[in-house]
Amino acid sequence: RGWRYFTSATPNEAHLSLAGLEQASYVSALVTQNVDGLHSKAGSKNVVDLHGRNDAVVCRSCAARRPRVDFQEELEAVNAEWMAAFLPQANSSLEDIRADGDAHLAHGDFREFRVPGCSLCGGVLMPDVVFFGGALKPEVRDAAQRRVEEAGRLLVVGSSCQVFSAFRLVQAAQRAGKPIAMVNIGPTRADPLIPGSLRFSVRCGEALGALCAHLGVEPARLPAT
């Protein structure tokens, strides 16, 4: 059920503003540390998902990928009896879903819980994301680096840049003499690299919405459902 909570999230004002700025050719590319896929949902096209995507799973043995939703449906099908017995009803007082979408269960015995393996090799499947302490895929690292090299300037939005995979991109832009601006509430690792006049302690949606209004850009709209 934690997955259902996670995948039900929708793009906010910041996501939609960035997509609108890309459509208006003010943003050439977007590198995100988030794994929720919301920038793509909002309509951004040239997106590098630095730490992967939580809406896919990958085999640790053969690297085959499949949509997370398909895996979740299979997971629920093979564990229907277990879920009926131990999973609290939705919206009940016993349901405990954390901010990252994980669901905490009081029942701690998972010996009867079955996790489907890879349909190609039988290997272990995991979310296609970089967990804490993990390494970026070389092709993703290089793609992010190219986006910075091709850009005329860099805008950092809503990141403390504490993780080196993001901080190194700011370093690369600074070494190349490219203008860098920061929108983030609170101090960041990149502050010494960015002039104080270009660091804005403002909510991302508020800042990007104001930027769109100033440039006469219409934020992207979600398709009607």
# chains A, B, ... in the order shown; residues from 1 in each chain; ligands from 1
>>> select_by_dssp(residues="chain A", states="helix (DSSP H, G or I)", output="ChimeraX atom specification")
/A:2-7,13-23,38-42,68-78,80-86,138-150,164-175,191-193,196-198,204-215
>>> closest_atom_pairs(of="range 21-103 of chain A", to="range 125-136 of chain A", cutoff="10 Å", atoms="only C-alpha atoms", output="Markdown table")
| residue | atom | partner | partner_atom | distance |
| --- | --- | --- | --- | --- |
| A:Gln33 | CA | A:Val130 | CA | 9.8 |
| A:Asn34 | CA | A:Val129 | CA | 9.6 |
| A:Val35 | CA | A:Val129 | CA | 6.9 |
| A:Asp36 | CA | A:Val129 | CA | 10.0 |
| A:Asp49 | CA | A:Val129 | CA | 9.2 |
| A:Leu50 | CA | A:Leu136 | CA | 7.3 |
| A:His51 | CA | A:Val130 | CA | 5.0 |
| A:Gly52 | CA | A:Val129 | CA | 4.2 |
| A:Arg53 | CA | A:Val129 | CA | 5.6 |
| A:Asn54 | CA | A:Pro127 | CA | 5.7 |
| A:Asp55 | CA | A:Pro127 | CA | 7.5 |
| A:Ala56 | CA | A:Asp128 | CA | 5.5 |
| A:Val57 | CA | A:Pro127 | CA | 4.2 |
| A:Val58 | CA | A:Asp128 | CA | 5.4 |
| A:Cys59 | CA | A:Leu125 | CA | 4.4 |
| A:Arg60 | CA | A:Leu125 | CA | 6.1 |
| A:Ser61 | CA | A:Leu125 | CA | 8.5 |
| A:Cys62 | CA | A:Leu125 | CA | 9.8 |
| A:Ala63 | CA | A:Leu125 | CA | 8.9 |
| A:Ala64 | CA | A:Leu125 | CA | 8.9 |
| A:Arg65 | CA | A:Asp128 | CA | 8.0 |
| A:Arg66 | CA | A:Leu125 | CA | 9.4 |
| A:Pro67 | CA | A:Pro127 | CA | 9.7 |
| A:Arg68 | CA | A:Pro127 | CA | 7.5 |
| A:Phe71 | CA | A:Leu125 | CA | 9.1 |
>>> closest_residue(among="A:Ala176, A:Val31, A:Val124, A:Ala190", to="Val48 in chain A", atoms="only C-alpha atoms")
A:Val31
>>> closest_residue(among="A:Val157, A:Ala172, A:Ala24, A:Val163", to="Val202 in chain A", atoms="only C-alpha atoms")
A:Val157
>>> residues_around(residues="Gly205 in chain A", least_positions_apart="5", cutoff="12 Å", atoms="only C-alpha atoms", output="ChimeraX atom specification")
/A:11-18,157-158,183-185,210-212,219
>>> residues_around(residues="Trp82 in chain A", least_positions_apart="6", cutoff="10 Å", atoms="only C-alpha atoms", output="MDAnalysis selection string")
chainID A and resid 76 110 112:114
>>> write_last_selection(atoms="N, CA and C atoms", output="PDB file, in the first residue's frame")
ATOM      1  N   GLU A  76       1.079  -8.370  -5.210  1.00  0.00           N
ATOM      2  CA  GLU A  76      -0.187  -8.432  -4.496  1.00  0.00           C
ATOM      3  C   GLU A  76      -0.936  -9.721  -4.811  1.00  0.00           C
ATOM      4  N   PHE A 110       7.693 -12.262   8.212  1.00  0.00           N
ATOM      5  CA  PHE A 110       7.505 -12.205   6.758  1.00  0.00           C
ATOM      6  C   PHE A 110       7.917 -13.514   6.081  1.00  0.00           C
ATOM      7  N   GLU A 112       6.209 -16.046   5.328  1.00  0.00           N
ATOM      8  CA  GLU A 112       5.223 -16.515   4.353  1.00  0.00           C
ATOM      9  C   GLU A 112       5.017 -15.530   3.204  1.00  0.00           C
ATOM     10  N   PHE A 113       5.696 -14.393   3.285  1.00  0.00           N
ATOM     11  CA  PHE A 113       5.542 -13.368   2.241  1.00  0.00           C
ATOM     12  C   PHE A 113       6.443 -13.721   1.067  1.00  0.00           C
ATOM     13  N   ARG A 114       5.903 -13.721  -0.147  1.00  0.00           N
ATOM     14  CA  ARG A 114       6.647 -14.123  -1.329  1.00  0.00           C
ATOM     15  C   ARG A 114       6.993 -12.908  -2.190  1.00  0.00           C
TER      16      ARG A 114
END
>>> atom_distance(atom1="CA of His39 in chain A", atom2="CA of Ser8 in chain A")
14.1 Å
>>> residues_around(residues="Thr188 in chain A", least_positions_apart="3", cutoff="7 Å", atoms="only C-alpha atoms", output="PyMOL selection string")
chain A and resi 160-162+191
>>> write_last_selection(atoms="C-alpha atoms", output="PDB file, in the first residue's frame")
ATOM      1  CA  SER A 160      21.155  21.240  -0.235  1.00  0.00           C
ATOM      2  CA  CYS A 161      23.745  19.622  -2.559  1.00  0.00           C
ATOM      3  CA  GLN A 162      24.985  17.535   0.361  1.00  0.00           C
ATOM      4  CA  ASP A 191      26.802  28.209  -0.922  1.00  0.00           C
TER       5      ASP A 191
END
>>> closest_residue(among="A:Gln174, A:Ser25, A:Ser40, A:Asn79", to="Leu154 in chain A", atoms="only C-alpha atoms")
A:Gln174
